[in-house]
Amino acid sequence: MHQLYLHNTLSGRKELFKPLDEHRVTVYVCGPTVYNYVHIGNGRPGVVFDVLVRLLRKLYPRVIYARNITDIDDKINAAALANRESIQALADRYTQAYNTDMAYLGVTEPDITPRATHHITEMIDMISQLIDNGHAYANDGHVMFDVPSDPHYGSLSGRSLQDMIDGARVEIAPYKKDPKDFVLWKPSTAEQPGWESPWGIGRPGWHIECSAMIRKHLGRTIDIHGGGSDLTFPHHENEAAQSRCANHSTEYVRYWIHNNMLTMGQEKMSKSVGNVQTINALAKQYSGEVLRYALLSGQYRSSLAWSQDLVAQAQASLASLYQALRDNPATLDEPLDFSQTSIEAFPKTVVSPLLDDLNTPEALAAMHELAAELQKAVNPEAVQRARTALRAGGWLLGLLNTDPDAYFTAGGSQSLSNSEIDDLIEARNIARQNKDFARGDQIRDLLAAAGIELEDLREGTRWRRS
RNA sequence: GGCUGGGUGGCAGAGUGGUUAUGCAGCGGACUGCAACUCCGUGUACACCGGUUCGACUCCGGUCUCAGCCUCCA
């Protein structure tokens, strides 16, 4: 039996994962607010939870994975205003861009991608229930969640109400009964997007969308809720409080999983700091798998130092895995899609670290061991066995999805074409046969200058773009 | 100030009470006309100070230090 252990923010420790219903495992991850291109830091939860879901699907017959799109937000309003375009057009454009970026990183599409604007009714219903339950109050067009009414408030982020009073920077507003109360609904002006509600034309607060969409699509208690560690407080704390109170349930999320941040130098990569690298921009220089490898090179709960060096190392590391596949071609037809393959058929050395709180660095280390085995395989059976193991492990991590030859020769449209390269290689080999090594080296230098590296093998000359 | 989590070799990054993960980079060798690819070999580590222990990088205490959250944020 394969047992999955996950670090649960709720308990602060690693726990054995046991879903509420083995036949219906529910996962929700906080997606982006769509007002701009997302940065590579936003890509981390996308990739991490993609690996988790791939693994869960091997362990359980049915997994329902939802990742939301936040398309109501004051930053969206501001960006649309600045661009002089409609809020919806802007949100749609960046939703599209986000989907493109995630696909580039090899992230499998979630089963459900709920959008906040499509769930206003559900949010209003939930807010009404909170008012009826005595956990929320309407005041001056606002509806506020009554934090002191929730006895469990603070249980997720591990802070007491007293902790929060110390040095609190919460906004004190006249419509709040308690400074910690947070907004469920707020009034909109004519320029702001607004919806009819029992409290006037307005729009929802930040946290309520997740609560309402989870209840609608996944249920009152879900197994896993993921997101960045910077969402733990206040977002997830508030979300959990309102869901517990609205659902009359003590258990909202069984396992809270939070990924740590990417850093630039010593500091967190963050839009507000401005030290971000968008996936869109990185995609012009690096393949999606390289970026994905770089993201997986650190365990998700550790911060990861993002740098050009890191990506370069990821590129070289990934190339060595592909090189093993390229050096040892398949001896028979092999599958590339392992989505239907049973967990037993995957290499244990890759699966075991993943079952232990998604230890992707150790899983990648195992991948390199498998690549070394492949390089040293002495007969066709051993080659095929090692290849299959490497491919399967790669599938679980979302890597090695490309044909190795294509991986090394793709791209570089602005330099030499493949046929030009082939012609030059042929000319060089003729020169070499005639012992005209000066001419041969001249051609090799010419190709090197164009970013083409040659590898003379027994079977012939092979090339790759550097 | 409160709450979290860290400090590992040139870089990234796992892990373990006693056999120097892994990758990238470096160095030596084999292969090669020379290279590249590949293979073989190889060096540099566990912030600091105490304690527990036959033995600690790993456990405990303290010090210094870094980051995250407490405001939007993946």
# chains A, B, ... in the order shown; residues from 1 in each chain; ligands from 1
$ interface_residues --of "chain B" --to "chain A" --cutoff "10 Å" --atoms "only C-alpha atoms (C1' of nucleotides)" --output "tab-separated table (two decimals) with N, CA, C and O atoms (P, O5', C5', C4', C3', O3' and C1' of nucleotides), in the first residue's frame"
chain	number	residue	atom	x	y	z
B	1	G	P	11.88	42.62	19.23
B	1	G	O5'	10.30	42.76	19.53
B	1	G	C5'	9.82	43.05	20.83
B	1	G	C4'	8.32	42.94	20.79
B	1	G	C3'	7.79	41.60	20.29
B	1	G	O3'	7.73	40.65	21.34
B	1	G	C1'	6.70	43.33	19.12
B	2	G	P	8.01	39.11	21.02
B	2	G	O5'	6.64	38.66	20.32
B	2	G	C5'	5.45	38.57	21.09
B	2	G	C4'	4.32	38.13	20.19
B	2	G	C3'	4.57	36.84	19.43
B	2	G	O3'	4.28	35.70	20.22
B	2	G	C1'	3.77	38.47	17.92
B	3	C	P	5.17	34.36	20.01
B	3	C	O5'	4.62	33.81	18.62
B	3	C	C5'	3.27	33.36	18.51
B	3	C	C4'	2.95	33.05	17.07
B	3	C	C3'	3.90	32.07	16.40
B	3	C	O3'	3.57	30.72	16.71
B	3	C	C1'	3.56	33.92	14.96
B	4	U	P	4.74	29.61	16.81
B	4	U	O5'	4.85	29.07	15.34
B	4	U	C5'	5.46	29.86	14.39
B	4	U	C4'	5.26	29.34	13.00
B	4	U	C3'	6.47	28.52	12.52
B	4	U	O3'	6.21	27.12	12.58
B	4	U	C1'	6.26	30.50	11.24
B	5	G	P	7.46	26.16	12.88
B	5	G	O5'	8.45	26.39	11.66
B	5	G	C5'	8.08	25.97	10.37
B	5	G	C4'	9.04	26.50	9.35
B	5	G	C3'	10.50	26.14	9.57
B	5	G	O3'	10.78	24.81	9.16
B	5	G	C1'	10.32	28.40	8.94
B	6	G	P	12.18	24.17	9.60
B	6	G	O5'	13.16	24.83	8.53
B	6	G	C5'	14.41	25.33	8.91
B	6	G	C4'	14.96	26.19	7.83
B	6	G	C3'	16.47	26.32	7.83
B	6	G	O3'	17.02	25.29	7.03
B	6	G	C1'	15.52	28.47	7.82
B	11	C	P	28.84	29.13	-2.83
B	11	C	O5'	27.90	28.82	-4.07
B	11	C	C5'	27.53	29.84	-4.99
B	11	C	C4'	26.57	29.29	-6.01
B	11	C	C3'	25.33	28.63	-5.42
B	11	C	O3'	24.33	29.57	-5.08
B	11	C	C1'	26.26	27.23	-7.08
B	12	A	P	23.32	29.23	-3.87
B	12	A	O5'	22.42	28.07	-4.48
B	12	A	C5'	21.48	28.37	-5.51
B	12	A	C4'	20.81	27.09	-5.98
B	12	A	C3'	20.12	26.26	-4.92
B	12	A	O3'	18.85	26.79	-4.56
B	12	A	C1'	21.33	24.85	-6.36
B	13	G	P	18.30	26.54	-3.06
B	13	G	O5'	18.24	24.95	-2.95
B	13	G	C5'	17.35	24.19	-3.77
B	13	G	C4'	17.63	22.72	-3.56
B	13	G	C3'	17.45	22.26	-2.13
B	13	G	O3'	16.08	21.98	-1.90
B	13	G	C1'	19.52	21.47	-2.96
B	14	A	P	15.59	21.51	-0.44
B	14	A	O5'	15.86	19.94	-0.58
B	14	A	C5'	15.88	19.15	0.56
B	14	A	C4'	16.16	17.72	0.13
B	14	A	C3'	16.32	16.76	1.29
B	14	A	O3'	15.05	16.27	1.68
B	14	A	C1'	18.13	16.51	-0.19
B	15	G	P	14.70	16.22	3.25
B	15	G	O5'	15.68	15.06	3.76
B	15	G	C5'	15.66	13.77	3.14
B	15	G	C4'	16.88	13.01	3.57
B	15	G	C3'	17.14	13.01	5.07
B	15	G	O3'	16.39	11.99	5.70
B	15	G	C1'	19.13	13.57	3.93
B	21	A	P	27.32	12.56	0.45
B	21	A	O5'	26.06	11.79	-0.12
B	21	A	C5'	25.81	11.85	-1.51
B	21	A	C4'	24.45	11.29	-1.73
B	21	A	C3'	23.99	11.44	-3.15
B	21	A	O3'	24.50	10.39	-3.94
B	21	A	C1'	22.32	12.22	-1.72
B	22	U	P	25.47	10.76	-5.13
B	22	U	O5'	24.50	11.60	-6.07
B	22	U	C5'	23.27	11.06	-6.51
B	22	U	C4'	22.41	12.14	-7.07
B	22	U	C3'	23.12	13.11	-7.99
B	22	U	O3'	23.32	12.56	-9.29
B	22	U	C1'	21.80	14.33	-6.49
B	23	G	P	24.57	13.01	-10.13
B	23	G	O5'	24.10	14.41	-10.70
B	23	G	C5'	22.90	14.50	-11.47
B	23	G	C4'	22.51	15.94	-11.61
B	23	G	C3'	23.60	16.86	-12.13
B	23	G	O3'	23.70	16.77	-13.54
B	23	G	C1'	22.57	17.86	-10.27
B	24	C	P	25.08	17.01	-14.24
B	24	C	O5'	25.30	18.57	-14.07
B	24	C	C5'	24.40	19.48	-14.68
B	24	C	C4'	24.72	20.89	-14.27
B	24	C	C3'	26.18	21.30	-14.45
B	24	C	O3'	26.46	21.66	-15.79
B	24	C	C1'	25.43	21.99	-12.33
B	25	A	P	27.91	21.31	-16.35
B	25	A	O5'	28.87	22.25	-15.48
B	25	A	C5'	28.85	23.66	-15.66
B	25	A	C4'	29.72	24.32	-14.62
B	25	A	C3'	31.17	23.86	-14.57
B	25	A	O3'	31.96	24.45	-15.59
B	25	A	C1'	30.32	23.99	-12.38
B	32	U	P	39.49	6.03	-29.75
B	32	U	O5'	39.07	7.51	-30.18
B	32	U	C5'	37.85	7.73	-30.89
B	32	U	C4'	37.71	9.19	-31.21
B	32	U	C3'	38.88	9.80	-32.00
B	32	U	O3'	38.71	9.57	-33.38
B	32	U	C1'	38.27	11.24	-30.20
B	33	G	P	39.94	9.11	-34.24
B	33	G	O5'	40.94	10.34	-34.14
B	33	G	C5'	42.34	10.16	-34.37
B	33	G	C4'	42.97	11.47	-34.66
B	33	G	C3'	42.68	12.58	-33.64
B	33	G	O3'	43.56	12.47	-32.54
B	33	G	C1'	42.41	13.41	-35.84
B	34	C	P	43.00	12.57	-31.06
B	34	C	O5'	42.61	14.11	-30.97
B	34	C	C5'	43.62	15.11	-31.00
B	34	C	C4'	42.99	16.47	-31.09
B	34	C	C3'	41.91	16.77	-30.06
B	34	C	O3'	42.48	17.16	-28.84
B	34	C	C1'	41.19	17.46	-32.20
B	35	A	P	41.63	16.99	-27.48
B	35	A	O5'	40.42	17.96	-27.79
B	35	A	C5'	39.17	17.73	-27.20
B	35	A	C4'	38.17	18.64	-27.87
B	35	A	C3'	36.75	18.48	-27.38
B	35	A	O3'	36.54	19.24	-26.21
B	35	A	C1'	36.77	18.42	-29.73
B	36	A	P	35.80	18.56	-24.96
B	36	A	O5'	34.31	18.41	-25.51
B	36	A	C5'	33.55	19.56	-25.86
B	36	A	C4'	32.31	19.14	-26.60
B	36	A	C3'	31.47	18.09	-25.90
B	36	A	O3'	30.60	18.66	-24.95
B	36	A	C1'	31.82	17.44	-28.13
B	37	C	P	30.33	17.89	-23.58
B	37	C	O5'	29.56	16.58	-24.05
B	37	C	C5'	28.26	16.70	-24.61
B	37	C	C4'	27.81	15.34	-25.10
B	37	C	C3'	27.86	14.22	-24.07
B	37	C	O3'	26.73	14.24	-23.20
B	37	C	C1'	28.78	13.46	-26.10
B	38	U	P	26.96	13.91	-21.65
B	38	U	O5'	27.46	12.40	-21.68
B	38	U	C5'	26.57	11.36	-22.10
B	38	U	C4'	27.32	10.06	-22.18
B	38	U	C3'	28.07	9.66	-20.92
B	38	U	O3'	27.22	9.04	-19.97
B	38	U	C1'	29.50	9.40	-22.77
B	39	C	P	27.59	9.16	-18.43
B	39	C	O5'	28.81	8.14	-18.30
B	39	C	C5'	28.63	6.76	-18.59
B	39	C	C4'	29.96	6.06	-18.56
B	39	C	C3'	30.76	6.26	-17.27
B	39	C	O3'	30.34	5.36	-16.26
B	39	C	C1'	32.17	6.66	-19.12
B	66	C	P	20.28	39.72	9.58
B	66	C	O5'	19.60	38.68	8.59
B	66	C	C5'	20.25	38.33	7.37
B	66	C	C4'	19.47	37.25	6.67
B	66	C	C3'	17.99	37.52	6.47
B	66	C	O3'	17.73	38.41	5.41
B	66	C	C1'	18.27	35.31	7.23
B	67	A	P	16.43	39.29	5.48
B	67	A	O5'	15.30	38.26	5.06
B	67	A	C5'	15.37	37.62	3.79
B	67	A	C4'	14.37	36.49	3.74
B	67	A	C3'	12.93	36.87	4.02
B	67	A	O3'	12.32	37.45	2.89
B	67	A	C1'	13.46	34.92	5.22
B	68	G	P	11.11	38.44	3.10
B	68	G	O5'	9.93	37.46	3.51
B	68	G	C5'	9.46	36.49	2.58
B	68	G	C4'	8.39	35.65	3.22
B	68	G	C3'	7.26	36.44	3.85
B	68	G	O3'	6.32	36.86	2.89
B	68	G	C1'	7.96	34.78	5.35
B	69	C	P	5.56	38.21	3.13
B	69	C	O5'	4.52	37.83	4.25
B	69	C	C5'	3.53	36.84	4.01
B	69	C	C4'	2.76	36.57	5.27
B	69	C	C3'	2.24	37.80	5.98
B	69	C	O3'	1.07	38.31	5.39
B	69	C	C1'	3.25	36.38	7.55
B	70	C	P	0.83	39.86	5.46
B	70	C	O5'	0.54	40.07	7.01
B	70	C	C5'	-0.56	39.41	7.63
B	70	C	C4'	-0.60	39.74	9.09
B	70	C	C3'	-0.61	41.22	9.42
B	70	C	O3'	-1.92	41.74	9.25
B	70	C	C1'	0.87	40.08	10.87
B	71	U	P	-2.16	43.28	8.93
B	71	U	O5'	-2.49	43.17	7.37
B	71	U	C5'	-3.63	43.83	6.82
B	71	U	C4'	-3.27	44.41	5.51
B	71	U	C3'	-2.75	43.38	4.48
B	71	U	O3'	-3.79	42.65	3.83
B	71	U	C1'	-1.39	45.32	4.47
B	72	C	P	-4.95	43.08	3.00
B	72	C	O5'	-4.54	42.61	1.53
B	72	C	C5'	-5.31	43.04	0.42
B	72	C	C4'	-4.47	43.05	-0.81
B	72	C	C3'	-3.88	41.72	-1.24
B	72	C	O3'	-4.86	40.92	-1.87
B	72	C	C1'	-2.31	43.44	-1.55
B	73	C	P	-4.60	39.33	-1.90
B	73	C	O5'	-3.13	39.03	-2.41
B	73	C	C5'	-2.87	38.57	-3.75
B	73	C	C4'	-1.39	38.50	-3.95
B	73	C	C3'	-0.73	37.16	-3.61
B	73	C	O3'	-0.52	36.29	-4.70
B	73	C	C1'	0.47	38.97	-2.66
B	74	A	P	-1.02	36.37	-6.20
B	74	A	O5'	-0.52	34.91	-6.56
B	74	A	C5'	-1.39	33.81	-6.56
B	74	A	C4'	-0.74	32.69	-5.77
B	74	A	C3'	-0.59	33.02	-4.31
B	74	A	O3'	-1.75	32.64	-3.60
B	74	A	C1'	1.45	32.18	-5.19
$ residues_around --residues "stretch 44-61 of chain B" --least-positions-apart "5" --cutoff "7 Å" --atoms "only C-alpha atoms (C1' of nucleotides)" --output "number ranges by chain"
B: 7-9, 16-18
$ atom_distance --atom1 "atom CA of A:Val183" --atom2 "atom CA of A:Asn139"
10.6 Å
$ atom_distance --atom1 "atom CA of A:Glu289" --atom2 "atom CA of A:Ala386"
20.8 Å
$ residues_around --residues "A:Arg439" --least-positions-apart "3" --cutoff "12 Å" --atoms "only C-alpha atoms (C1' of nucleotides)" --output "list in words"
Leu424, Ile425, Ala427, Arg428, Asn429, Ile430, Ala431, Arg432, Gln433, Asn434, Lys435, Asp436, Gln442, Ile443, Arg444, Asp445 and Leu446 of chain A
$ atom_distance --atom1 "atom CA of A:Pro187" --atom2 "atom CA of A:His142"
6.2 Å
$ residues_around --residues "A:Arg244" --least-positions-apart "4" --cutoff "10 Å" --atoms "only C-alpha atoms (C1' of nucleotides)" --output "list in words"
Leu130, Asp150, His152, Tyr153, Ser211, Arg220, Thr221, Asn238, Glu239, Ala240, His248, Ser249, Thr250, Glu251, Tyr252 and Val253 of chain A
$ write_last_selection --atoms "N, CA, C and O atoms" --output "PDB file, in the first residue's frame"
ATOM      1  N   LEU A 130     -24.581  33.723   6.775  1.00  0.00           N
ATOM      2  CA  LEU A 130     -23.706  34.164   7.868  1.00  0.00           C
ATOM      3  C   LEU A 130     -24.396  35.225   8.719  1.00  0.00           C
ATOM      4  O   LEU A 130     -24.258  35.244   9.951  1.00  0.00           O
ATOM      5  N   ASP A 150     -16.422  33.709  16.045  1.00  0.00           N
ATOM      6  CA  ASP A 150     -15.915  32.386  15.664  1.00  0.00           C
ATOM      7  C   ASP A 150     -14.883  31.918  16.683  1.00  0.00           C
ATOM      8  O   ASP A 150     -13.777  32.445  16.740  1.00  0.00           O
ATOM      9  N   HIS A 152     -13.054  29.434  16.756  1.00  0.00           N
ATOM     10  CA  HIS A 152     -11.864  28.761  16.214  1.00  0.00           C
ATOM     11  C   HIS A 152     -10.984  29.690  15.393  1.00  0.00           C
ATOM     12  O   HIS A 152     -10.035  29.239  14.762  1.00  0.00           O
ATOM     13  N   TYR A 153     -11.331  30.965  15.367  1.00  0.00           N
ATOM     14  CA  TYR A 153     -10.570  31.891  14.527  1.00  0.00           C
ATOM     15  C   TYR A 153      -9.104  31.926  14.954  1.00  0.00           C
ATOM     16  O   TYR A 153      -8.791  32.057  16.135  1.00  0.00           O
ATOM     17  N   SER A 211     -14.784  30.334  -0.567  1.00  0.00           N
ATOM     18  CA  SER A 211     -15.732  29.609   0.285  1.00  0.00           C
ATOM     19  C   SER A 211     -16.959  29.171  -0.506  1.00  0.00           C
ATOM     20  O   SER A 211     -17.403  28.020  -0.421  1.00  0.00           O
ATOM     21  N   ARG A 220     -18.909  20.716   1.533  1.00  0.00           N
ATOM     22  CA  ARG A 220     -18.705  21.499   2.757  1.00  0.00           C
ATOM     23  C   ARG A 220     -17.395  21.185   3.437  1.00  0.00           C
ATOM     24  O   ARG A 220     -16.868  21.995   4.194  1.00  0.00           O
ATOM     25  N   THR A 221     -16.917  19.980   3.225  1.00  0.00           N
ATOM     26  CA  THR A 221     -15.600  19.611   3.739  1.00  0.00           C
ATOM     27  C   THR A 221     -14.790  19.066   2.578  1.00  0.00           C
ATOM     28  O   THR A 221     -15.267  18.179   1.864  1.00  0.00           O
ATOM     29  N   ASN A 238      -9.406  33.621   7.115  1.00  0.00           N
ATOM     30  CA  ASN A 238     -10.731  34.225   6.992  1.00  0.00           C
ATOM     31  C   ASN A 238     -11.686  33.331   6.214  1.00  0.00           C
ATOM     32  O   ASN A 238     -12.856  33.181   6.571  1.00  0.00           O
ATOM     33  N   GLU A 239     -11.152  32.749   5.171  1.00  0.00           N
ATOM     34  CA  GLU A 239     -11.958  31.845   4.352  1.00  0.00           C
ATOM     35  C   GLU A 239     -12.460  30.670   5.201  1.00  0.00           C
ATOM     36  O   GLU A 239     -13.641  30.305   5.151  1.00  0.00           O
ATOM     37  N   ALA A 240     -11.565  30.111   5.991  1.00  0.00           N
ATOM     38  CA  ALA A 240     -11.935  28.963   6.825  1.00  0.00           C
ATOM     39  C   ALA A 240     -12.978  29.375   7.861  1.00  0.00           C
ATOM     40  O   ALA A 240     -13.943  28.644   8.103  1.00  0.00           O
ATOM     41  N   HIS A 248     -21.954  25.329   9.178  1.00  0.00           N
ATOM     42  CA  HIS A 248     -22.214  24.623  10.438  1.00  0.00           C
ATOM     43  C   HIS A 248     -21.327  23.391  10.541  1.00  0.00           C
ATOM     44  O   HIS A 248     -21.785  22.310  10.860  1.00  0.00           O
ATOM     45  N   SER A 249     -20.084  23.573  10.202  1.00  0.00           N
ATOM     46  CA  SER A 249     -19.187  22.433  10.179  1.00  0.00           C
ATOM     47  C   SER A 249     -17.876  22.823  10.846  1.00  0.00           C
ATOM     48  O   SER A 249     -17.356  23.915  10.627  1.00  0.00           O
ATOM     49  N   THR A 250     -17.369  21.948  11.689  1.00  0.00           N
ATOM     50  CA  THR A 250     -16.097  22.270  12.339  1.00  0.00           C
ATOM     51  C   THR A 250     -14.931  21.991  11.403  1.00  0.00           C
ATOM     52  O   THR A 250     -13.850  22.498  11.588  1.00  0.00           O
ATOM     53  N   GLU A 251     -15.202  21.139  10.395  1.00  0.00           N
ATOM     54  CA  GLU A 251     -14.113  20.787   9.494  1.00  0.00           C
ATOM     55  C   GLU A 251     -14.402  21.304   8.093  1.00  0.00           C
ATOM     56  O   GLU A 251     -15.359  20.906   7.455  1.00  0.00           O
ATOM     57  N   TYR A 252     -13.557  22.212   7.650  1.00  0.00           N
ATOM     58  CA  TYR A 252     -13.715  22.803   6.318  1.00  0.00           C
ATOM     59  C   TYR A 252     -12.714  22.166   5.366  1.00  0.00           C
ATOM     60  O   TYR A 252     -13.079  21.641   4.324  1.00  0.00           O
ATOM     61  N   VAL A 253     -11.458  22.208   5.758  1.00  0.00           N
ATOM     62  CA  VAL A 253     -10.385  21.620   4.958  1.00  0.00           C
ATOM     63  C   VAL A 253      -9.624  20.657   5.849  1.00  0.00           C
ATOM     64  O   VAL A 253      -9.258  21.000   6.965  1.00  0.00           O
TER      65      VAL A 253
END
$ select_by_dssp --residues "stretch 85-170 of chain A" --states "strand (DSSP E or B)" --output "PyMOL selection string"
chain A and resi 112+115+136-139+142-145
$ write_last_selection --atoms "C-alpha atoms" --output "short mmCIF file (atom, residue, chain, number, x, y, z; two decimals), in the first residue's frame"
data_model
loop_
_atom_site.label_atom_id
_atom_site.label_comp_id
_atom_site.auth_asym_id
_atom_site.auth_seq_id
_atom_site.Cartn_x
_atom_site.Cartn_y
_atom_site.Cartn_z
CA ILE A 112 -12.98 22.76 -12.63
CA ARG A 115 -14.54 32.18 -11.88
CA ALA A 136 -21.92 38.64 10.11
CA TYR A 137 -23.61 42.01 10.15
CA ALA A 138 -24.59 44.60 7.60
CA ASN A 139 -23.63 48.18 8.18
CA HIS A 142 -21.01 46.76 3.93
CA VAL A 143 -21.35 43.29 5.28
CA MET A 144 -18.66 42.34 7.76
CA PHE A 145 -17.67 39.00 9.19
#
$ residues_around --residues "stretch 392-400 of chain A" --least-positions-apart "5" --cutoff "10 Å" --atoms "only C-alpha atoms (C1' of nucleotides)" --output "ChimeraX atom specification"
/A:47-48,50-55,58,105-108,288-290,292-293,296,318-319,321-322,325,335-339,341,343,345-351,354,360,363-364,366-367,370,386-387,407
$ decode --residues "stretch 70-129 of chain A" --atoms "C-alpha atoms" --output "mmCIF file, in the first residue's frame"
data_model
loop_
_atom_site.group_PDB
_atom_site.id
_atom_site.type_symbol
_atom_site.label_atom_id
_atom_site.label_comp_id
_atom_site.auth_asym_id
_atom_site.auth_seq_id
_atom_site.Cartn_x
_atom_site.Cartn_y
_atom_site.Cartn_z
ATOM 1 C CA THR A 70 -10.261 35.664 -9.301
ATOM 2 C CA ASP A 71 -11.768 38.121 -11.725
ATOM 3 C CA ILE A 72 -13.169 40.630 -9.254
ATOM 4 C CA ASP A 73 -10.576 42.741 -7.569
ATOM 5 C CA ASP A 74 -9.759 46.387 -7.156
ATOM 6 C CA LYS A 75 -6.435 45.881 -8.929
ATOM 7 C CA ILE A 76 -8.307 44.585 -11.946
ATOM 8 C CA ASN A 77 -10.511 47.649 -11.833
ATOM 9 C CA ALA A 78 -7.504 49.928 -11.645
ATOM 10 C CA ALA A 79 -5.687 48.150 -14.474
ATOM 11 C CA ALA A 80 -8.758 48.253 -16.716
ATOM 12 C CA LEU A 81 -9.214 51.922 -16.016
ATOM 13 C CA ALA A 82 -5.571 52.638 -16.805
ATOM 14 C CA ASN A 83 -5.842 50.671 -20.069
ATOM 15 C CA ARG A 84 -9.201 52.236 -20.898
ATOM 16 C CA GLU A 85 -10.691 48.832 -21.545
ATOM 17 C CA SER A 86 -13.514 46.908 -19.943
ATOM 18 C CA ILE A 87 -12.866 44.912 -16.815
ATOM 19 C CA GLN A 88 -14.095 41.778 -18.460
ATOM 20 C CA ALA A 89 -11.902 42.185 -21.526
ATOM 21 C CA LEU A 90 -8.849 42.646 -19.320
ATOM 22 C CA ALA A 91 -9.720 39.730 -17.062
ATOM 23 C CA ASP A 92 -10.421 37.474 -20.023
ATOM 24 C CA ARG A 93 -7.142 38.376 -21.658
ATOM 25 C CA TYR A 94 -5.068 37.600 -18.589
ATOM 26 C CA THR A 95 -7.049 34.482 -17.819
ATOM 27 C CA GLN A 96 -6.094 33.308 -21.271
ATOM 28 C CA ALA A 97 -2.484 34.300 -20.665
ATOM 29 C CA TYR A 98 -2.483 32.415 -17.376
ATOM 30 C CA ASN A 99 -3.801 29.272 -19.045
ATOM 31 C CA THR A 100 -1.126 29.594 -21.698
ATOM 32 C CA ASP A 101 1.578 29.981 -19.057
ATOM 33 C CA MET A 102 0.382 26.984 -17.063
ATOM 34 C CA ALA A 103 0.221 24.845 -20.186
ATOM 35 C CA TYR A 104 3.756 25.973 -21.008
ATOM 36 C CA LEU A 105 4.882 24.678 -17.620
ATOM 37 C CA GLY A 106 3.270 21.334 -18.387
ATOM 38 C CA VAL A 107 0.493 21.803 -15.854
ATOM 39 C CA THR A 108 -2.506 19.589 -16.492
ATOM 40 C CA GLU A 109 -5.779 21.464 -16.612
ATOM 41 C CA PRO A 110 -7.849 21.221 -13.435
ATOM 42 C CA ASP A 111 -11.248 19.564 -13.633
ATOM 43 C CA ILE A 112 -12.984 22.764 -12.628
ATOM 44 C CA THR A 113 -11.852 26.363 -13.122
ATOM 45 C CA PRO A 114 -14.488 28.421 -11.350
ATOM 46 C CA ARG A 115 -14.537 32.176 -11.876
ATOM 47 C CA ALA A 116 -15.621 34.539 -9.149
ATOM 48 C CA THR A 117 -17.943 36.538 -11.413
ATOM 49 C CA HIS A 118 -19.914 33.391 -12.180
ATOM 50 C CA HIS A 119 -20.666 32.768 -8.518
ATOM 51 C CA ILE A 120 -22.079 36.012 -7.217
ATOM 52 C CA THR A 121 -25.382 34.368 -6.343
ATOM 53 C CA GLU A 122 -23.663 31.660 -4.321
ATOM 54 C CA MET A 123 -21.644 34.296 -2.489
ATOM 55 C CA ILE A 124 -24.711 36.364 -1.668
ATOM 56 C CA ASP A 125 -26.439 33.226 -0.376
ATOM 57 C CA MET A 126 -23.527 32.411 1.846
ATOM 58 C CA ILE A 127 -23.281 35.937 3.187
ATOM 59 C CA SER A 128 -26.993 35.895 3.977
ATOM 60 C CA GLN A 129 -26.546 32.662 5.871
#
